[in-house]
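Shown next: run_31.txt, given as compact mmCIF, C-alpha atoms.
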# COMPACT_ATOMS: atom_id res chain seq x y z
CA MET A 1 98.93 57.00 158.50
CA MET A 2 95.48 55.58 159.25
CA PHE A 3 95.83 53.33 156.18
CA LEU A 4 99.15 51.99 157.52
CA ALA A 5 97.59 51.45 160.94
CA GLY A 6 94.70 49.54 159.35
CA LYS A 7 97.03 47.22 157.41
CA LEU A 8 99.14 46.64 160.51
CA TYR A 9 96.01 45.83 162.53
CA GLN A 10 94.90 43.23 160.01
CA GLN A 11 98.28 41.50 160.12
CA LEU A 12 98.50 41.54 163.90
CA ARG A 13 95.00 40.14 164.20
CA LYS A 14 95.70 37.53 161.56
CA TYR A 15 98.64 36.17 163.53
CA ARG A 16 96.73 36.42 166.84
CA VAL A 17 99.03 39.09 168.26
CA ILE A 18 95.92 41.14 168.99
CA ARG A 19 93.06 39.30 170.69
CA PRO A 20 90.00 41.57 170.83
CA GLU A 21 87.70 39.35 172.90
CA GLN A 22 87.90 41.45 176.06
CA ILE A 23 87.52 44.73 174.16
CA ARG A 24 84.54 43.26 172.31
CA ARG A 25 82.81 42.42 175.58
CA SER A 26 83.41 45.92 176.88
CA MET A 27 82.08 47.47 173.68
CA THR A 28 78.97 45.31 173.89
CA ARG A 29 78.22 46.56 177.39
CA LEU A 30 79.01 50.20 176.62
CA TYR A 31 77.23 50.57 173.27
CA LYS A 32 74.00 49.08 171.99
CA GLY A 33 73.89 47.59 168.53
CA ASN A 34 74.20 44.43 166.52
CA ALA A 35 77.29 42.24 166.18
CA LEU A 36 78.48 44.05 163.03
CA GLN A 37 78.38 47.45 164.71
CA THR A 38 80.24 46.09 167.74
CA GLU A 39 82.94 44.62 165.51
CA GLU A 40 83.33 47.95 163.70
CA ARG A 41 83.84 49.72 167.04
CA VAL A 42 86.48 47.17 168.06
CA ASP A 43 88.33 47.66 164.76
CA ALA A 44 88.18 51.45 165.10
CA TYR A 45 89.51 51.19 168.64
CA TYR A 46 92.59 49.21 167.66
CA ILE A 47 93.27 51.17 164.48
CA ASP A 48 93.17 54.48 166.36
CA LEU A 49 95.48 53.05 169.02
CA LEU A 50 97.96 51.78 166.43
CA ASN A 51 97.84 55.12 164.58
CA LYS A 52 98.81 57.03 167.73
CA THR A 53 101.55 54.50 168.48
CA ILE A 54 103.02 54.87 165.01
CA TRP A 55 103.06 58.67 165.30
CA VAL A 56 104.81 58.52 168.69
CA LEU A 57 107.43 56.11 167.40
CA LEU A 58 107.93 58.20 164.24
CA ILE A 59 108.39 61.48 166.10
CA SER A 60 110.68 60.00 168.77
CA GLY A 61 112.75 58.20 166.14
CA SER A 62 113.14 61.38 164.09
CA LEU A 63 114.26 63.42 167.09
CA SER A 64 116.66 60.70 168.15
CA GLY A 65 118.21 60.56 164.69
CA LEU A 66 118.49 64.34 164.52
CA LEU A 67 120.26 64.57 167.87
CA TRP A 68 122.56 61.69 166.97
CA GLY A 69 123.54 63.49 163.78
CA MET A 70 124.23 66.70 165.70
CA TYR A 71 126.48 64.85 168.16
CA GLN A 72 128.39 63.24 165.32
CA LYS A 73 129.03 66.62 163.69
CA GLN A 74 130.24 68.12 166.97
CA ASP A 75 133.01 65.52 167.29
CA THR A 76 135.79 67.85 166.03
CA GLY A 77 138.59 66.61 168.27
CA GLN A 78 137.89 69.26 170.93
CA LEU A 79 135.95 69.23 174.20
CA HIS A 80 133.63 72.14 174.96
CA PHE A 81 132.70 73.16 178.51
CA VAL A 82 130.56 76.07 179.75
CA ARG A 83 131.27 78.09 182.89
CA ASP A 84 128.55 79.51 185.13
CA ASP A 85 127.79 83.25 184.88
CA TYR A 86 129.36 85.97 187.02
CA GLY A 87 128.91 85.21 190.71
CA GLY A 88 127.61 81.72 189.98
CA ASP A 89 128.73 78.33 191.25
CA GLU A 90 131.45 75.96 190.22
CA VAL A 91 130.55 73.52 187.44
CA GLN A 92 131.95 70.02 187.26
CA TYR A 93 132.26 67.90 184.12
CA ILE A 94 133.19 64.23 183.95
CA VAL A 95 135.11 62.97 180.92
CA SER A 96 136.23 59.47 180.10
CA TYR A 97 139.63 58.48 178.75
CA GLU A 98 141.39 55.34 177.75
CA ASN A 99 145.00 54.69 178.80
CA GLN A 100 147.66 52.67 177.00
CA GLU A 101 146.40 49.44 178.56
CA LYS A 102 142.97 50.11 177.00
CA THR A 103 141.50 50.63 180.46
CA THR A 104 138.69 53.17 180.69
CA ALA A 105 138.74 55.70 183.55
CA GLN A 106 137.06 59.00 184.42
CA LEU A 107 138.47 62.47 184.98
CA THR A 108 136.68 65.30 186.82
CA ILE A 109 137.13 68.84 185.50
CA THR A 110 136.05 71.75 187.74
CA LEU A 111 135.33 75.15 186.20
CA GLU A 112 134.97 78.29 188.31
CA PRO A 113 132.42 80.91 187.22
CA VAL A 114 133.37 83.56 184.70
CA GLN A 115 135.77 86.20 186.13
CA TYR A 116 135.87 89.91 185.30
CA ARG A 117 138.89 91.43 183.63
CA PRO A 118 140.39 94.38 185.60
CA GLU A 119 138.92 97.00 183.28
CA GLU A 120 135.55 95.17 183.28
CA LEU A 121 135.53 94.96 187.08
CA ALA A 122 136.02 98.72 187.49
CA GLU A 123 133.14 99.36 185.09
CA GLN A 124 130.99 96.80 186.89
CA PHE A 125 131.59 98.55 190.23
CA GLN A 126 130.44 101.88 188.75
CA GLU A 127 127.34 100.28 187.29
CA GLY A 128 126.62 98.58 190.63
CA PHE A 129 126.81 101.87 192.55
CA ALA A 130 124.56 103.52 189.98
CA TYR A 131 122.05 100.65 190.18
CA LEU A 132 121.77 100.86 193.99
CA GLU A 133 121.74 104.68 194.10
CA ASN A 134 118.80 104.81 191.69
CA ARG A 135 116.74 102.61 194.03
CA MET A 136 117.88 103.61 197.51
CA LEU A 137 115.42 106.50 197.93
CA GLY A 138 112.33 104.31 197.71
CA ASP A 139 109.29 106.60 198.06
CA ASN A 140 111.34 109.53 199.42
CA GLU A 141 111.96 112.66 197.38
CA SER A 142 115.67 113.15 198.13
CA LEU A 143 118.44 112.26 200.58
CA ASP A 144 117.81 115.59 202.36
CA ASN A 145 114.19 114.71 203.11
CA ILE A 146 113.81 111.10 204.34
CA LEU A 147 110.35 110.49 205.78
CA VAL A 148 109.61 106.80 205.05
CA ASP A 149 111.68 103.63 204.77
CA MET A 150 114.43 103.58 202.18
CA LYS A 151 115.04 100.76 199.71
CA LEU A 152 118.54 99.48 200.42
CA GLU A 153 118.88 96.45 198.18
CA THR A 154 121.41 93.77 199.09
CA SER A 155 122.03 92.26 195.65
CA ILE A 156 122.64 93.26 192.06
CA PRO A 157 121.19 90.84 189.49
CA ASP A 158 123.61 89.04 187.15
CA SER A 159 126.69 90.83 188.49
CA GLY A 160 128.29 88.57 191.11
CA LEU A 161 129.03 91.61 193.30
CA LYS A 162 128.41 91.38 197.04
CA VAL A 163 126.53 94.29 198.63
CA SER A 164 126.86 95.46 202.24
CA TRP A 165 125.14 98.44 203.94
CA SER A 166 125.93 99.97 207.33
CA SER A 167 124.68 102.95 209.35
CA ASP A 168 126.30 105.16 211.96
CA ASP A 169 123.02 105.46 213.89
CA TYR A 170 120.97 102.27 213.90
CA GLU A 171 118.39 103.79 216.24
CA VAL A 172 117.30 106.15 213.46
CA ILE A 173 117.93 104.04 210.36
CA ASP A 174 119.31 100.49 210.06
CA GLU A 175 121.13 98.60 207.32
CA ARG A 176 117.82 97.56 205.71
CA GLY A 177 116.64 101.16 205.30
CA VAL A 178 113.97 100.98 208.01
CA ILE A 179 113.70 104.36 209.74
CA ASN A 180 112.41 105.25 213.19
CA ASN A 181 111.42 108.90 213.09
CA GLN A 182 108.26 108.88 215.20
CA GLY A 183 110.04 110.10 218.31
CA LEU A 184 112.31 112.63 216.61
CA LYS A 185 111.88 116.23 217.68
CA GLU A 186 114.12 117.60 214.93
CA SER A 187 115.87 116.39 211.78
CA GLN A 188 118.72 113.92 212.22
CA ILE A 189 121.74 113.43 209.92
CA VAL A 190 122.76 109.81 209.39
CA VAL A 191 125.67 108.51 207.33
CA LEU A 192 125.05 105.32 205.33
CA GLN A 193 128.01 103.36 204.00
CA LEU A 194 127.72 101.13 200.91
CA GLU A 195 130.43 98.57 200.19
CA LEU A 196 130.72 96.50 197.01
CA SER A 197 133.12 93.57 196.85
CA TYR A 198 134.18 90.97 194.31
CA GLY A 199 136.80 88.54 195.53
CA GLU A 200 139.53 90.61 197.13
CA MET A 201 138.49 93.83 195.37
CA LYS A 202 136.39 96.25 197.45
CA GLU A 203 135.00 99.75 196.94
CA SER A 204 132.81 101.80 199.25
CA ARG A 205 130.82 105.04 199.21
CA GLU A 206 129.15 107.08 201.93
CA TYR A 207 125.80 108.84 201.70
CA GLU A 208 124.67 111.54 204.10
CA VAL A 209 120.91 111.44 204.58
CA VAL A 210 118.64 113.73 206.57
CA VAL A 211 115.85 111.93 208.43
CA ARG A 212 112.93 114.29 209.08
CA PRO A 213 110.50 113.87 211.98
CA ARG A 214 107.42 112.03 210.90
CA GLN A 215 104.29 114.13 210.59
CA LEU A 216 101.48 112.08 212.06
CA THR A 217 97.98 112.05 210.64
CA ASP A 218 95.05 113.09 212.81
CA MET A 219 94.25 109.44 213.56
CA GLU A 220 97.88 108.61 214.39
CA GLU A 221 98.17 111.71 216.62
CA GLU A 222 94.99 110.71 218.44
CA GLN A 223 96.34 107.17 218.89
CA ARG A 224 99.64 108.55 220.24
CA ARG A 225 97.91 110.76 222.83
CA LEU A 226 95.63 107.91 223.83
CA GLN A 227 98.64 105.57 224.17
CA GLU A 228 100.42 108.07 226.41
CA ARG A 229 97.33 108.47 228.56
CA VAL A 230 96.86 104.70 228.98
CA GLU A 231 100.54 104.20 229.81
CA ALA A 232 100.31 106.97 232.43
CA LEU A 233 97.34 105.26 234.07
CA ILE A 234 99.19 101.93 234.07
CA GLN A 235 102.24 103.60 235.58
CA ASP A 236 100.11 105.08 238.40
CA ALA A 237 98.89 101.59 239.28
CA ARG A 238 102.30 99.95 239.10
CA TYR A 239 102.04 98.76 242.72
CA GLU A 240 98.63 97.18 242.25
CA LYS A 241 98.16 93.49 241.30
CA GLU A 242 95.10 94.22 239.19
CA VAL A 243 95.18 97.21 236.86
CA VAL A 244 91.85 98.85 236.12
CA ILE A 245 91.51 101.68 233.62
CA PRO A 246 88.32 103.42 232.51
CA SER A 247 86.79 102.31 229.22
CA ASP A 248 86.18 105.94 228.15
CA ILE A 249 89.32 108.06 227.80
CA GLN A 250 89.49 111.39 225.97
CA GLY A 251 86.11 110.75 224.35
CA VAL A 252 87.15 107.32 223.01
CA HIS A 253 85.52 104.06 224.09
CA LEU A 254 88.06 101.26 224.63
CA MET A 255 87.16 97.60 224.04
CA GLU A 256 89.24 94.62 225.10
CA GLU A 257 90.34 92.31 222.30
CA ARG A 258 89.40 88.82 223.49
CA ASN A 259 91.25 85.78 222.26
CA GLN A 260 88.71 83.48 220.65
CA GLY A 261 91.12 80.55 220.63
CA LEU A 262 90.18 77.53 218.57
CA VAL A 263 86.49 78.31 218.14
CA PRO A 264 86.80 80.23 214.81
CA TRP A 265 89.03 77.50 213.42
CA LEU A 266 86.60 74.81 214.50
CA ILE A 267 83.73 76.64 212.82
CA LEU A 268 85.76 77.06 209.62
CA ILE A 269 86.74 73.39 209.53
CA LEU A 270 83.14 72.37 210.23
CA GLY A 271 81.96 74.51 207.30
CA ILE A 272 84.52 72.98 204.94
CA VAL A 273 83.64 69.44 206.03
CA SER A 274 79.93 70.16 205.66
CA GLY A 275 80.47 71.50 202.13
CA GLY A 276 82.39 68.36 201.18
CA MET A 277 79.71 66.12 202.68
CA LEU A 278 77.10 67.79 200.47
CA TRP A 279 78.93 66.57 197.37
CA PHE A 280 79.10 63.01 198.66
CA ARG A 281 75.50 63.17 199.82
CA GLN A 282 74.33 64.12 196.33
CA LYS A 283 75.94 61.02 194.87
CA GLU A 284 74.65 58.88 197.70
CA ASN A 285 71.08 60.09 197.10
CA LEU A 286 71.23 58.74 193.57
CA GLN A 287 72.32 55.34 194.84
CA LEU A 288 69.58 55.41 197.48
CA GLN A 289 66.98 56.09 194.80
CA LEU A 290 68.13 53.05 192.86
CA LYS A 291 68.05 50.91 195.99
CA GLN A 292 64.59 52.19 196.87
CA GLN A 293 63.31 51.30 193.42
CA ASN A 294 64.72 47.77 193.66
CA ARG A 295 63.22 47.44 197.13
CA GLU A 296 59.78 48.41 195.82
CA LEU A 297 60.06 45.97 192.94
CA LEU A 298 61.02 43.15 195.29
CA ARG A 299 58.23 44.06 197.70
CA GLU A 300 55.70 43.99 194.82
CA TYR A 301 56.94 40.72 193.35
CA PRO A 302 54.83 38.37 195.57
CA TYR A 303 51.72 40.41 194.71
CA LEU A 304 52.44 40.08 190.98
CA VAL A 305 52.91 36.31 191.15
CA ASN A 306 49.78 35.96 193.30
CA GLN A 307 47.68 37.93 190.82
CA LEU A 308 48.99 35.90 187.88
CA VAL A 309 48.09 32.66 189.65
CA LEU A 310 44.56 33.89 190.45
CA TYR A 311 43.80 35.00 186.90
CA LEU A 312 45.32 31.89 185.32
CA GLU A 313 43.27 29.64 187.60
CA ALA A 314 40.17 31.62 186.56
CA GLY A 315 40.80 30.64 182.95
CA ALA A 316 42.73 33.66 181.63
CA THR A 317 45.74 33.39 179.36
CA ILE A 318 49.17 34.68 180.44
CA LYS A 319 48.75 37.78 178.30
CA GLY A 320 45.24 38.27 179.64
CA ALA A 321 46.50 37.87 183.22
CA PHE A 322 49.03 40.67 182.70
CA GLU A 323 46.29 42.81 181.21
CA ARG A 324 44.17 42.37 184.34
CA VAL A 325 47.17 43.15 186.57
CA LEU A 326 47.69 46.42 184.69
CA TYR A 327 43.99 47.19 185.06
CA GLN A 328 44.23 46.66 188.84
CA TYR A 329 47.15 49.14 189.04
CA GLU A 330 45.17 51.71 187.06
CA MET A 331 42.07 51.28 189.21
CA ALA A 332 44.18 51.72 192.37
CA GLU A 333 45.82 54.84 190.83
CA ARG A 334 49.30 53.33 191.22
CA LYS A 335 50.56 54.31 187.78
CA GLU A 336 53.77 55.79 189.25
CA HIS A 337 54.88 52.46 190.70
CA PRO A 338 58.09 51.14 189.04
CA LEU A 339 56.55 47.73 188.35
CA TYR A 340 53.54 49.28 186.55
CA GLU A 341 55.89 51.27 184.32
CA GLU A 342 57.90 48.17 183.42
CA LEU A 343 54.75 46.17 182.69
CA MET A 344 53.46 48.96 180.45
CA VAL A 345 56.69 48.86 178.44
CA MET A 346 56.26 45.08 178.05
CA TRP A 347 52.61 45.51 177.04
CA ASN A 348 53.49 48.13 174.41
CA GLU A 349 56.20 45.87 172.99
CA MET A 350 53.71 43.02 172.52
CA HIS A 351 51.32 45.36 170.72
CA SER A 352 54.09 46.68 168.47
CA GLY A 353 54.96 43.28 166.97
CA VAL A 354 57.35 41.78 169.55
CA THR A 355 56.54 38.18 170.50
CA GLN A 356 55.37 37.36 174.01
CA GLU A 357 58.51 35.31 174.74
CA GLN A 358 60.79 38.19 173.72
CA ALA A 359 58.71 40.75 175.62
CA TYR A 360 58.93 38.65 178.81
CA MET A 361 62.71 38.25 178.43
CA ASN A 362 63.11 41.99 177.84
CA LEU A 363 61.16 42.65 181.03
CA GLY A 364 63.53 40.50 183.08
CA LYS A 365 66.62 42.09 181.52
CA ARG A 366 65.39 45.64 182.16
CA ILE A 367 64.60 45.00 185.83
CA GLY A 368 67.73 42.89 186.36
CA LEU A 369 66.61 41.38 189.68
CA LEU A 370 66.92 37.62 190.19
CA PRO A 371 63.21 36.90 191.03
CA TYR A 372 62.01 38.69 187.89
CA LEU A 373 64.62 36.95 185.76
CA LYS A 374 63.37 33.63 187.13
CA LEU A 375 59.71 34.53 186.49
CA THR A 376 60.27 35.70 182.92
CA SER A 377 62.41 32.65 182.18
CA LEU A 378 59.64 30.41 183.57
CA LEU A 379 56.98 32.13 181.46
CA THR A 380 59.14 31.91 178.36
CA GLN A 381 59.84 28.20 178.78
CA GLN A 382 56.28 27.19 179.68
CA ILE A 383 54.25 29.46 177.40
CA ARG A 384 53.94 26.73 174.78
CA LYS A 385 53.21 23.91 177.23
CA GLY A 386 49.85 25.19 178.33
CA VAL A 387 48.49 27.17 181.25
CA ALA A 388 48.19 24.17 183.62
CA GLY A 389 51.92 23.58 183.79
CA VAL A 390 52.54 27.27 184.30
CA ILE A 391 50.05 27.49 187.20
CA LEU A 392 51.82 24.75 189.15
CA LEU A 393 55.20 26.41 188.74
CA LEU A 394 53.80 29.83 189.60
CA GLU A 395 52.23 28.47 192.80
CA GLU A 396 55.62 27.20 193.92
CA GLU A 397 57.20 30.52 193.00
CA GLU A 398 54.45 32.36 194.92
CA HIS A 399 55.22 30.38 198.08
CA GLU A 400 58.94 31.05 197.75
CA ALA A 401 58.31 34.74 197.07
CA PHE A 402 56.29 35.20 200.26
CA GLU A 403 58.98 33.37 202.25
CA ARG A 404 61.64 35.68 200.82
CA ARG A 405 59.47 38.67 201.67
CA LYS A 406 59.23 37.57 205.30
CA GLU A 407 63.01 37.13 205.43
CA ARG A 408 63.51 40.62 204.02
CA ALA A 409 61.12 42.04 206.60
CA LYS A 410 63.10 40.43 209.42
CA ARG A 411 66.37 41.70 207.97
CA MET A 412 65.03 45.24 207.60
CA GLY A 413 63.92 45.15 211.24
CA GLU A 414 67.44 44.22 212.29
CA GLU A 415 68.93 46.95 210.09
CA ALA A 416 66.60 49.53 211.62
CA GLY A 417 68.08 48.85 215.06
CA THR A 418 71.60 49.30 213.67
CA LYS A 419 70.69 52.56 211.90
CA LEU A 420 69.53 54.05 215.21
CA LEU A 421 73.17 54.01 216.36
CA VAL A 422 74.05 56.91 214.07
CA PRO A 423 71.50 59.37 215.55
CA MET A 424 72.56 58.26 219.02
CA ILE A 425 76.21 58.99 218.25
CA ILE A 426 75.31 62.39 216.77
CA LEU A 427 73.33 63.32 219.89
CA MET A 428 76.24 62.23 222.07
CA VAL A 429 78.69 64.38 220.07
CA ILE A 430 76.37 67.39 220.30
CA SER A 431 76.08 66.91 224.05
CA MET A 432 79.86 66.75 224.38
CA LEU A 433 80.27 69.93 222.32
CA ILE A 434 77.73 71.74 224.49
CA ILE A 435 79.77 70.81 227.56
CA VAL A 436 83.32 71.19 226.15
CA CYS A 437 83.00 74.35 224.02
CA PRO A 438 82.21 76.74 226.91
CA ALA A 439 85.11 75.27 228.88
CA VAL A 440 87.49 75.76 225.94
CA MET A 441 86.29 79.32 225.38
CA SER A 442 86.72 80.15 229.06
CA PHE A 443 90.24 78.76 229.01
CA ALA A 444 91.08 80.78 225.87
CA ILE A 445 89.74 83.97 227.48
CA LEU A 446 91.81 83.42 230.64
CA ARG A 447 94.93 83.04 228.52
Kindly transcribe the structure held in the file into structure tokens.
Amino acid sequence: MMFLAGKLYQQLRKYRVIRPEQIRRSMTRLYKGNALQTEERVDAYYIDLLNKTIWVLLISGSLSGLLWGMYQKQDTGQLHFVRDDYGGDEVQYIVSYENQEKTTAQLTITLEPVQYRPEELAEQFQEGFAYLENRMLGDNESLDNILVDMKLETSIPDSGLKVSWSSDDYEVIDERGVINNQGLKESQIVVLQLELSYGEMKESREYEVVVRPRQLTDMEEEQRRLQERVEALIQDARYEKEVVIPSDIQGVHLMEERNQGLVPWLILILGIVSGGMLWFRQKENLQLQLKQQNRELLREYPYLVNQLVLYLEAGATIKGAFERVLYQYEMAERKEHPLYEELMVMWNEMHSGVTQEQAYMNLGKRIGLLPYLKLTSLLTQQIRKGVAGVILLLEEEEHEAFERRKERAKRMGEEAGTKLLVPMIILMVISMLIIVCPAVMSFAILR
């Protein structure tokens, strides 16, 4: 298939259907290499794209043809419709027909779900009762010993039968199987009625269950006695506006549950926001490092031009002037400065066989800042015209560089005043929180 994609690519490119200029520019920026390597990447890109397109068209065409063949075989002069399962919904089908006047119209056919035959319905009722009886006990041992909630299900899967439970004593056990046996002094007999229905057909059964008094655990018994004691104290103070009860009752220390209101939610939201800000801050730090490096290079640019002018006026060559600049950085122990590192790369290139012109151009491309691009272009153009012409141009560039540095200093001073607004806003927000949070907490406690 790749061979077919390659041939197709050649034809499309030959007739200018495919124009790879934009892709070529993108490949040049993404990958380093010569023109031949870039062209090979462009070709591989389009061939791979055409190969995937051919496969998609082939697979979709094959499936379409297969389904078309199946539909043709199914045209036997009969229409086939499918009902919904037992207890399902009505299904509607729309068919088209053509009358004697050759006018096309539509007809709606409604199918009810599948119905049970009489003998099937009786069997389904018996299976439904058996299904519910097997599950109604829940975690209880038997109908004569009901201690916890029963499991009275209200549906039978894939049957279509409707289920209805009822109780003759809802205070002890309700239609959901929830029992209330905490206050029982003795066992209670309750009759549960189960009714199954399908259309007009109905059948019901009754189940006699014995609900036993619940045996409380030591902790539950202690809680019950404590609850009774607290309720008795509240009842004694029923005529008082303010009810006061001791915090120590029956050897237990009581603590009031205070409503914390919005404070926990605010703390949670603040934690989530802070975690998200850490991710953005990490990315922002990288951008700040790049900006700081460019700022240092721009700040050092007037110094570099000034040093080149001084050494050239003293009789040094351009290469010798750069050598002295590097020596000055080394003597000042500023080897970690970005400009020193870039100049060392340029110096190593010149000593490895690269021409001075090419080394200067590579320096400007690596730094990418407009002043350095201008300087390297100036050095490249004037290197063969002699040092005198270069000195005059560098003096003009030195003057412009110092003027730009003064403008940057003014702009940074203005930006510093603007940046102070952020700390001021943060301090204002903190002050507001210190004032508002206690008020909100007090209001939540009073509620």
Pairwise distance for CA of Arg411 in chain A and CA of Leu375 in chain A, rounded to one decimal in Å: 23.6 Å
Just checking: using only C-alpha atoms, which residue out of A:Glu403, A:Leu161, A:Thr376, A:Asn145 ends up closest to Tyr116 in chain A? A:Leu161
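Minimum atom-to-atom distances from A:Glu208, A:Glu330, A:Glu222, A:Asp149 to Ser167 in chain A were compared using all atoms listed in the file, and the lowest value belongs to A:Glu208.
Near (55.6, 40.8, 176.3), the residues inside the 10 Å limit, counting only C-alpha atoms, come to A:Ile318, A:Lys319, A:Phe322, A:Leu343, A:Met344, A:Val345, A:Met346, A:Trp347, A:Asn348, A:Glu349, A:Met350, A:His351, A:Ser352, A:Gly353, A:Val354, A:Thr355, A:Gln356, A:Glu357, A:Gln358, A:Ala359, A:Tyr360, A:Met361, A:Asn362, A:Leu363, A:Thr376, A:Thr380.
Interatomic distance, CA of Gly128 in chain A against CA of Ser204 in chain A: 11.1 Å.
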Please report the interatomic distance between CA of Gly320 in chain A and CA of Leu370 in chain A in Å with one decimal. 24.1 Å
Name all residues at most 10 Å from Leu143 in chain A (count all atoms listed in the file; drop same-chain ones fewer than 5 positions away) and give them as a PyMOL selection string. chain A and resi 136-137+150+189+207-211
I'd like to know which of A:Arg405, A:Gln293, A:Ile94, A:Gly368 is closest to Glu336 in chain A, using all atoms listed in the file. A:Gln293
List the spatial neighbours of Gly251 in chain A as a compact mmCIF listing (two decimals) with C-alpha atoms, in the coordinates of the input - criterion: any atom at most 12 Å away, only C-alpha atoms, same-chain residues fewer than 4 positions off excluded.
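Result file out.txt:
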# COMPACT_ATOMS: atom_id res chain seq x y z
CA GLU A 222 94.99 110.71 218.44
CA ARG A 225 97.91 110.76 222.83
CA LEU A 226 95.63 107.91 223.83
CA PRO A 246 88.32 103.42 232.51
CA SER A 247 86.79 102.31 229.22
Minimum-distance residue to Ala130 in chain A, chosen among A:Cys437, A:Pro423, A:Arg205, A:Lys162 (using all atoms listed in the file):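 Between A:Cys437, A:Pro423, A:Arg205, A:Lys162, the residue approaching Ala130 in chain A most closely is A:Arg205.
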Distance query Arg408 in chain A at most 12 Å, all atoms listed in the file, self and fewer than 6 positions along chain excluded, as a list in words: Arg295, Glu296, Leu298, Arg299, Ala401, Phe402, Glu414 and Glu415 of chain A
Given all atoms listed in the file as the counted atoms, nearest of A:Gln188, A:Thr110, A:Asn140, A:Thr38 to Ile23 in chain A: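 Among the listed residues, A:Thr38 lies closest to Ile23 in chain A.
The nearest approach to Glu186 in chain A among the residues A:Val325, A:Lys52, A:Arg212, A:Met201, with only C-alpha atoms taken into account, belongs to A:Arg212.
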Rebuild range 290-301 of chain A so that it carries N, CA, C and O atoms, then output the result as a compact mmCIF listing (two decimals), in the coordinates of the input.
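Listed below is the output, selection26.txt:
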# COMPACT_ATOMS: atom_id res chain seq x y z
N LEU A 290 68.10 54.33 193.56
CA LEU A 290 68.13 53.05 192.86
C LEU A 290 67.80 51.90 193.81
O LEU A 290 67.07 50.97 193.45
N LYS A 291 68.35 51.95 195.02
CA LYS A 291 68.05 50.91 195.99
C LYS A 291 66.58 50.90 196.38
O LYS A 291 65.97 49.84 196.55
N GLN A 292 66.00 52.11 196.51
CA GLN A 292 64.59 52.19 196.87
C GLN A 292 63.71 51.61 195.77
O GLN A 292 62.72 50.91 196.04
N GLN A 293 64.08 51.86 194.53
CA GLN A 293 63.31 51.30 193.42
C GLN A 293 63.39 49.78 193.41
O GLN A 293 62.37 49.09 193.22
N ASN A 294 64.59 49.24 193.60
CA ASN A 294 64.72 47.77 193.66
C ASN A 294 63.95 47.19 194.84
O ASN A 294 63.36 46.11 194.74
N ARG A 295 63.94 47.92 195.96
CA ARG A 295 63.22 47.44 197.13
C ARG A 295 61.71 47.39 196.86
O ARG A 295 61.02 46.45 197.25
N GLU A 296 61.20 48.40 196.16
CA GLU A 296 59.78 48.41 195.82
C GLU A 296 59.43 47.30 194.84
O GLU A 296 58.37 46.67 194.94
N LEU A 297 60.32 47.05 193.89
CA LEU A 297 60.06 45.97 192.94
C LEU A 297 60.05 44.62 193.63
O LEU A 297 59.22 43.76 193.34
N LEU A 298 61.00 44.41 194.56
CA LEU A 298 61.02 43.15 195.29
C LEU A 298 59.81 43.01 196.21
O LEU A 298 59.28 41.90 196.38
N ARG A 299 59.40 44.12 196.82
CA ARG A 299 58.23 44.06 197.70
C ARG A 299 56.96 43.76 196.90
O ARG A 299 56.03 43.12 197.40
N GLU A 300 56.90 44.20 195.64
CA GLU A 300 55.70 43.99 194.82
C GLU A 300 55.70 42.64 194.11
O GLU A 300 54.66 42.22 193.57
N TYR A 301 56.84 41.97 194.11
CA TYR A 301 56.94 40.72 193.35
C TYR A 301 55.96 39.64 193.84
O TYR A 301 55.27 39.01 193.01
